[in-house]
>>> print(open('upload13.tsv').read())   # TSV, C-alpha atoms
chain	number	residue	atom	x	y	z
A	23	MET	CA	-12.60	-14.87	-5.18
A	24	ALA	CA	-9.11	-15.87	-4.07
A	25	SER	CA	-9.36	-16.57	-0.34
A	26	ILE	CA	-6.43	-15.59	1.84
A	27	ASN	CA	-3.91	-18.20	2.89
A	28	THR	CA	-5.03	-18.70	6.48
A	29	THR	CA	-2.49	-21.32	7.53
A	30	HIS	CA	-1.54	-19.92	10.92
A	31	VAL	CA	0.76	-20.81	13.75
A	32	LYS	CA	0.87	-19.00	17.08
A	33	SER	CA	4.32	-17.61	17.83
A	34	SER	CA	5.99	-14.67	19.46
A	35	ARG	CA	6.88	-13.05	16.15
A	36	LEU	CA	3.77	-10.90	15.83
A	37	THR	CA	4.11	-9.85	19.46
A	38	THR	CA	7.70	-8.78	18.84
A	39	LEU	CA	6.73	-7.05	15.61
A	40	ALA	CA	3.94	-5.17	17.36
A	41	GLN	CA	6.39	-3.89	19.97
A	42	GLN	CA	8.79	-2.81	17.22
A	43	LEU	CA	6.17	-1.00	15.15
A	44	ARG	CA	4.61	0.82	18.09
A	45	LEU	CA	7.93	2.61	18.49
A	46	TYR	CA	7.88	3.85	14.90
A	47	LYS	CA	7.44	7.60	14.46
A	48	PRO	CA	6.49	8.97	11.02
A	49	ASP	CA	8.90	11.49	9.52
A	50	GLU	CA	7.00	14.78	9.69
A	51	GLU	CA	9.25	16.32	7.03
A	52	THR	CA	7.80	13.95	4.41
A	53	ASP	CA	4.21	15.05	5.11
A	54	CYS	CA	2.43	16.52	2.11
A	55	ALA	CA	0.98	20.02	2.40
A	56	THR	CA	-2.24	20.27	4.37
A	57	THR	CA	-3.19	23.70	3.04
A	58	THR	CA	-2.07	25.51	-0.08
A	59	PRO	CA	-3.30	28.89	-1.37
A	60	VAL	CA	-5.53	28.63	-4.44
A	61	GLY	CA	-6.45	32.12	-5.55
A	62	SER	CA	-8.17	33.77	-2.60
A	63	GLU	CA	-9.04	30.39	-1.04
A	64	ARG	CA	-6.97	27.67	0.57
A	65	PHE	CA	-6.79	24.11	-0.66
A	66	THR	CA	-7.01	21.33	1.92
A	67	PRO	CA	-6.40	17.81	0.57
A	68	LYS	CA	-9.16	15.40	1.50
A	69	LYS	CA	-8.08	12.73	3.95
A	70	ALA	CA	-8.08	8.99	3.36
A	71	ALA	CA	-6.56	5.96	5.05
A	72	VAL	CA	-5.64	2.45	3.95
A	73	LEU	CA	-5.10	-0.68	6.03
A	74	ILE	CA	-1.88	-2.67	5.68
A	75	CYS	CA	-3.20	-5.81	7.36
A	76	LEU	CA	-0.41	-8.31	8.04
A	77	PHE	CA	-0.65	-11.89	9.20
A	78	GLU	CA	1.85	-14.70	9.69
A	79	GLN	CA	1.71	-18.03	7.92
A	80	SER	CA	3.14	-21.34	9.11
A	81	ASP	CA	6.58	-20.82	7.55
A	82	GLY	CA	6.98	-17.55	9.47
A	83	GLY	CA	6.47	-15.32	6.44
A	84	LEU	CA	4.42	-12.14	6.71
A	85	ARG	CA	1.64	-11.62	4.22
A	86	VAL	CA	-0.50	-8.59	3.40
A	87	ILE	CA	-4.18	-8.59	2.45
A	88	LEU	CA	-4.99	-6.92	-0.87
A	89	THR	CA	-8.07	-6.37	-3.00
A	90	LYS	CA	-8.82	-6.07	-6.68
A	91	ARG	CA	-11.24	-3.20	-7.13
A	92	SER	CA	-14.48	-3.79	-8.96
A	93	SER	CA	-14.30	-3.34	-12.72
A	94	ARG	CA	-17.55	-1.37	-12.42
A	95	LEU	CA	-16.10	1.45	-10.33
A	96	SER	CA	-15.68	4.87	-11.96
A	97	THR	CA	-12.10	5.38	-10.72
A	98	HIS	CA	-9.20	2.92	-10.47
A	99	SER	CA	-11.49	0.15	-11.71
A	100	GLY	CA	-9.92	-3.30	-11.74
A	101	GLU	CA	-6.77	-2.11	-9.97
A	102	VAL	CA	-5.14	-3.78	-6.97
A	103	SER	CA	-5.37	-1.75	-3.78
A	104	LEU	CA	-5.21	-1.91	-0.01
A	105	PRO	CA	-8.54	-1.84	1.83
A	106	GLY	CA	-9.37	1.75	2.67
A	107	GLY	CA	-10.98	4.96	1.52
A	108	LYS	CA	-11.92	8.53	2.33
A	109	ALA	CA	-12.43	9.68	5.88
A	110	GLU	CA	-15.96	10.31	7.11
A	111	GLU	CA	-17.10	12.82	9.71
A	112	ASP	CA	-17.86	10.13	12.30
A	113	ASP	CA	-14.40	8.54	12.05
A	114	VAL	CA	-12.45	8.98	15.29
A	115	ASP	CA	-9.02	8.78	13.61
A	116	ASP	CA	-7.13	7.29	10.65
A	117	ALA	CA	-7.27	3.80	12.15
A	118	ASP	CA	-11.05	4.12	12.40
A	119	THR	CA	-11.23	5.12	8.73
A	120	ALA	CA	-9.01	2.26	7.57
A	121	THR	CA	-10.67	-0.47	9.62
A	122	ARG	CA	-14.19	0.77	8.84
A	123	GLU	CA	-13.45	0.69	5.14
A	124	ALA	CA	-11.88	-2.77	5.44
A	125	LYS	CA	-15.06	-4.05	7.09
A	126	GLU	CA	-17.23	-2.48	4.39
A	127	GLU	CA	-15.08	-3.75	1.53
A	128	ILE	CA	-14.01	-7.26	2.59
A	129	GLY	CA	-15.86	-8.05	5.83
A	130	LEU	CA	-12.82	-7.77	8.10
A	131	ASP	CA	-14.01	-7.25	11.69
A	132	PRO	CA	-12.03	-4.34	13.23
A	133	SER	CA	-11.87	-6.24	16.54
A	134	LEU	CA	-9.58	-8.79	14.87
A	135	VAL	CA	-7.01	-6.15	13.92
A	136	ASP	CA	-4.38	-4.76	16.29
A	137	VAL	CA	-3.40	-1.33	14.94
A	138	VAL	CA	0.29	-0.81	15.71
A	139	ALA	CA	1.64	1.97	13.48
A	140	TYR	CA	0.89	4.88	11.18
A	141	LEU	CA	3.19	5.67	8.25
A	142	GLU	CA	4.01	8.97	6.59
A	143	PRO	CA	1.20	10.37	4.43
A	144	PHE	CA	1.21	9.67	0.70
A	145	LEU	CA	-0.35	11.92	-1.92
A	146	SER	CA	-2.60	10.02	-4.30
A	147	LYS	CA	-2.94	10.66	-8.01
A	148	HIS	CA	-6.11	12.64	-7.32
A	149	LEU	CA	-4.43	14.56	-4.48
A	150	LEU	CA	-5.88	12.70	-1.52
A	151	ARG	CA	-3.75	12.72	1.62
A	152	VAL	CA	-3.53	8.99	2.31
A	153	ILE	CA	-2.41	7.66	5.71
A	154	PRO	CA	-1.21	4.01	5.68
A	155	VAL	CA	-2.23	2.21	8.88
A	156	ILE	CA	-0.43	-1.02	9.82
A	157	GLY	CA	-2.58	-3.59	11.60
A	158	LEU	CA	-1.75	-7.14	12.69
A	159	LEU	CA	-4.18	-10.04	12.28
A	160	SER	CA	-3.08	-12.52	14.93
A	161	ASP	CA	-5.68	-15.15	14.07
A	162	ALA	CA	-6.08	-15.32	10.30
A	163	ASN	CA	-8.43	-18.30	10.64
A	164	ALA	CA	-10.99	-15.99	12.24
A	165	PHE	CA	-11.27	-13.99	8.99
A	166	THR	CA	-13.21	-15.22	5.99
A	167	PRO	CA	-13.18	-12.67	3.16
A	168	THR	CA	-16.65	-11.49	2.17
A	169	PRO	CA	-16.09	-8.88	-0.53
A	170	ASN	CA	-18.63	-6.16	-1.20
A	171	VAL	CA	-19.33	-6.93	-4.86
A	172	ALA	CA	-20.11	-3.28	-5.57
A	173	GLU	CA	-16.55	-2.33	-4.66
A	174	VAL	CA	-14.35	-5.44	-4.76
A	175	ASP	CA	-13.91	-8.19	-7.35
A	176	ASP	CA	-11.31	-10.22	-5.48
A	177	VAL	CA	-9.45	-10.58	-2.17
A	178	PHE	CA	-6.01	-12.16	-1.99
A	179	ASP	CA	-2.76	-11.95	-0.05
A	180	ALA	CA	0.89	-11.57	-1.03
A	181	PRO	CA	4.22	-11.89	0.79
A	182	LEU	CA	5.25	-8.51	2.20
A	183	GLU	CA	8.94	-9.14	1.58
A	184	MET	CA	8.40	-9.31	-2.20
A	185	PHE	CA	8.21	-5.52	-2.15
A	186	LEU	CA	11.89	-5.34	-1.15
A	187	LYS	CA	13.41	-8.08	-3.28
A	188	ILE	CA	14.67	-8.43	-6.80
A	189	VAL	CA	13.72	-11.78	-8.32
A	190	THR	CA	16.37	-12.38	-10.94
A	191	ASN	CA	16.45	-14.31	-14.17
A	192	THR	CA	19.93	-14.91	-15.55
A	193	THR	CA	20.55	-14.79	-19.29
A	194	LYS	CA	23.84	-15.08	-21.14
A	195	PRO	CA	23.65	-13.34	-24.53
A	196	LEU	CA	26.99	-13.35	-26.37
A	197	GLY	CA	28.77	-14.62	-23.26
A	198	ALA	CA	27.64	-11.74	-21.01
A	199	ILE	CA	25.61	-12.40	-17.86
A	200	ILE	CA	22.54	-10.18	-17.45
A	201	LEU	CA	20.31	-10.23	-14.37
A	202	GLN	CA	16.70	-9.27	-15.08
A	203	ASP	CA	14.08	-8.52	-12.44
A	204	GLU	CA	11.34	-11.06	-13.15
A	205	ASN	CA	8.42	-9.58	-11.26
A	206	ARG	CA	9.20	-5.86	-10.94
A	207	ARG	CA	9.67	-2.99	-13.33
A	208	CYS	CA	9.47	0.78	-13.02
A	209	GLU	CA	9.09	3.92	-15.05
A	210	GLN	CA	10.23	7.46	-14.39
A	211	ARG	CA	7.74	10.30	-14.14
A	212	GLU	CA	7.88	13.95	-13.11
A	213	TRP	CA	5.79	16.01	-10.65
A	214	MET	CA	6.41	19.72	-10.12
A	215	GLY	CA	9.95	19.47	-11.47
A	216	GLU	CA	10.86	16.43	-9.36
A	217	LYS	CA	11.52	13.07	-10.99
A	218	TYR	CA	10.24	9.91	-9.28
A	219	LEU	CA	9.73	6.22	-10.04
A	220	VAL	CA	6.45	4.35	-10.37
A	221	HIS	CA	6.92	0.67	-9.47
A	222	TYR	CA	5.03	-2.29	-10.94
A	223	PHE	CA	4.99	-5.76	-9.34
A	224	ASP	CA	3.58	-8.83	-11.08
A	225	TYR	CA	2.12	-11.44	-8.75
A	226	GLU	CA	0.36	-14.74	-9.40
A	227	THR	CA	-1.62	-16.82	-6.90
A	228	GLY	CA	-4.45	-19.33	-7.21
A	229	GLY	CA	-4.07	-19.34	-10.97
A	230	LYS	CA	-4.77	-15.60	-11.17
A	231	LYS	CA	-2.38	-12.83	-12.16
A	232	TYR	CA	-2.33	-9.42	-10.47
A	233	LEU	CA	-0.48	-6.17	-11.13
A	234	ILE	CA	0.39	-4.18	-8.01
A	235	TRP	CA	1.59	-0.69	-8.92
A	236	GLY	CA	1.53	3.03	-8.27
A	237	LEU	CA	0.43	4.29	-4.87
A	238	THR	CA	-0.26	0.79	-3.51
A	239	ALA	CA	3.19	-0.45	-4.53
A	240	GLY	CA	4.84	2.65	-3.08
A	241	ILE	CA	3.06	2.22	0.25
A	242	LEU	CA	3.99	-1.47	0.44
A	243	ILE	CA	7.65	-0.79	-0.36
A	244	ARG	CA	7.70	1.70	2.50
A	245	ALA	CA	5.86	-0.64	4.88
A	246	ALA	CA	8.17	-3.56	4.05
A	247	SER	CA	11.23	-1.36	4.64
A	248	ILE	CA	9.94	-0.46	8.11
A	249	VAL	CA	8.83	-3.97	9.06
A	250	TYR	CA	12.05	-5.66	7.89
A	251	GLN	CA	14.22	-2.67	8.86
A	252	ARG	CA	16.13	-2.54	5.60
A	253	GLN	CA	16.05	-0.72	2.29
A	254	PRO	CA	14.77	-2.37	-0.91
A	255	ASP	CA	17.22	-4.09	-3.26
A	256	PHE	CA	16.32	-1.54	-5.94
A	257	VAL	CA	16.18	2.25	-6.22
A	258	GLU	CA	12.94	3.51	-4.66
A	259	GLN	CA	12.94	7.25	-5.56
A	260	ASN	CA	9.62	8.41	-4.12
A	261	PRO	CA	7.98	11.63	-5.31
A	262	LYS	CA	8.24	14.69	-3.10
A	263	PHE	CA	4.64	15.22	-2.05
A	264	LYS	CA	4.05	18.87	-2.88
A	265	VAL	CA	0.72	20.47	-3.75
A	266	PRO	CA	0.85	23.04	-6.60
A	267	GLY	CA	-0.22	26.61	-6.01
A	268	ASP	CA	-2.29	26.66	-9.22
A	269	LEU	CA	-4.34	23.65	-8.17
A	270	ASN	CA	-7.83	23.09	-9.51
A	271	LYS	CA	-10.36	20.28	-9.19
A	272	ASP	CA	-9.01	18.57	-12.32
A	273	THR	CA	-5.36	18.48	-11.21
A	274	ILE	CA	-3.92	14.96	-11.04
A	275	MET	CA	-0.43	13.56	-10.66
A	276	PRO	CA	1.01	11.95	-13.81
>>> encode(input="upload13.tsv", output="structure tokens")
Amino acid sequence: MASINTTHVKSSRLTTLAQQLRLYKPDEETDCATTTPVGSERFTPKKAAVLICLFEQSDGGLRVILTKRSSRLSTHSGEVSLPGGKAEEDDVDDADTATREAKEEIGLDPSLVDVVAYLEPFLSKHLLRVIPVIGLLSDANAFTPTPNVAEVDDVFDAPLEMFLKIVTNTTKPLGAIILQDENRRCEQREWMGEKYLVHYFDYETGGKKYLIWGLTAGILIRAASIVYQRQPDFVEQNPKFKVPGDLNKDTIMP
């Protein structure tokens, strides 16, 4: 397991960030459909929430806690994700879902996390309505990752700002200068007639390599844009989260 980088210094930055994020209001127009007719019935996407847990390291950089899902899971096995999962009946709200799941998956005590913002819902590949919840971990030293081996193979952290930047590699073939993005690539896909981009970020830490892509990458691009109050250095092109009228239980996004 890759433990998180818990070098921590107390400063006013997280306090200022908390004040900033508490003022954030999700754009209701980007919400995915909550009910859609399916024959004589109505489809209601199941709810889920993920925790974007941020902490500050000694150089002032913000880092986000991520997991690598167990290779034994039936869905998304071995993929990098944010702690989180489906809502349960006893959950009070989306923050309760996200922090409960984080405790179950990686042993993060909810009392250590200051929930400061909710982002716009995202629609997962399997048509879950996913609410990203931003929480601040003011004392990273108080958290020792204890992954649930049934669900998580690894816990690590990455710099949040990497999801806004282009890391370039300059080459000069035939006298021309070409800038290549070293750790990010994307591919275009289509959903209900709307083209969108799926982003892939390569990240290495502790001698291990991780691929952060798809829904997780999209959520982190959005979170980084809000935290740093600027757009990414690359074209984002999110999908428009619409639910098809001819939906069935096997429908998935490409």
>>> closest_residue(input="upload13.tsv", among="A:Val177, A:Val249, A:Ala70, A:Met184", to="Tyr46 in chain A", atoms="all atoms listed in the file")
A:Val249
>>> residues_around(input="upload13.tsv", residues="range 250-257 of chain A", least_positions_apart="3", cutoff="10 Å", atoms="all atoms listed in the file", output="PyMOL selection string")
chain A and resi 39+42+182-189+203+206+208+219+221+243-247+260
>>> atom_distance(input="upload13.tsv", atom1="CA of Glu78 in chain A", atom2="CA of Asn163 in chain A")
10.9 Å
>>> closest_residue(input="upload13.tsv", among="A:Tyr222, A:Glu111, A:Pro181, A:Leu141", to="Leu43 in chain A", atoms="all atoms listed in the file")
A:Leu141
>>> atom_distance(input="upload13.tsv", atom1="CA of Arg122 in chain A", atom2="CA of Leu158 in chain A")
15.2 Å
>>> residues_around(input="upload13.tsv", residues="Ala120 in chain A", least_positions_apart="2", cutoff="12 Å", atoms="all atoms listed in the file", output="JSON, numbers by chain")
{"A": [69, 70, 71, 72, 73, 74, 75, 104, 105, 106, 107, 108, 109, 110, 113, 114, 115, 116, 117, 118, 122, 123, 124, 125, 126, 127, 128, 130, 131, 132, 135, 137, 140, 152, 153, 154, 155, 156, 157]}
>>> closest_residue(input="upload13.tsv", among="A:Arg44, A:Lys68, A:Arg211, A:Arg35", to="Gly83 in chain A", atoms="only C-alpha atoms")
A:Arg35
>>> closest_residue(input="upload13.tsv", among="A:Phe178, A:Leu84, A:Tyr218, A:Trp213", to="Ser103 in chain A", atoms="all atoms listed in the file")
A:Phe178
>>> atom_distance(input="upload13.tsv", atom1="CA of Asp179 in chain A", atom2="CA of Arg85 in chain A")
6.1 Å
>>> closest_residue(input="upload13.tsv", among="A:Pro48, A:Gln259, A:Asp136, A:Phe144", to="Ser160 in chain A", atoms="all atoms listed in the file")
A:Asp136
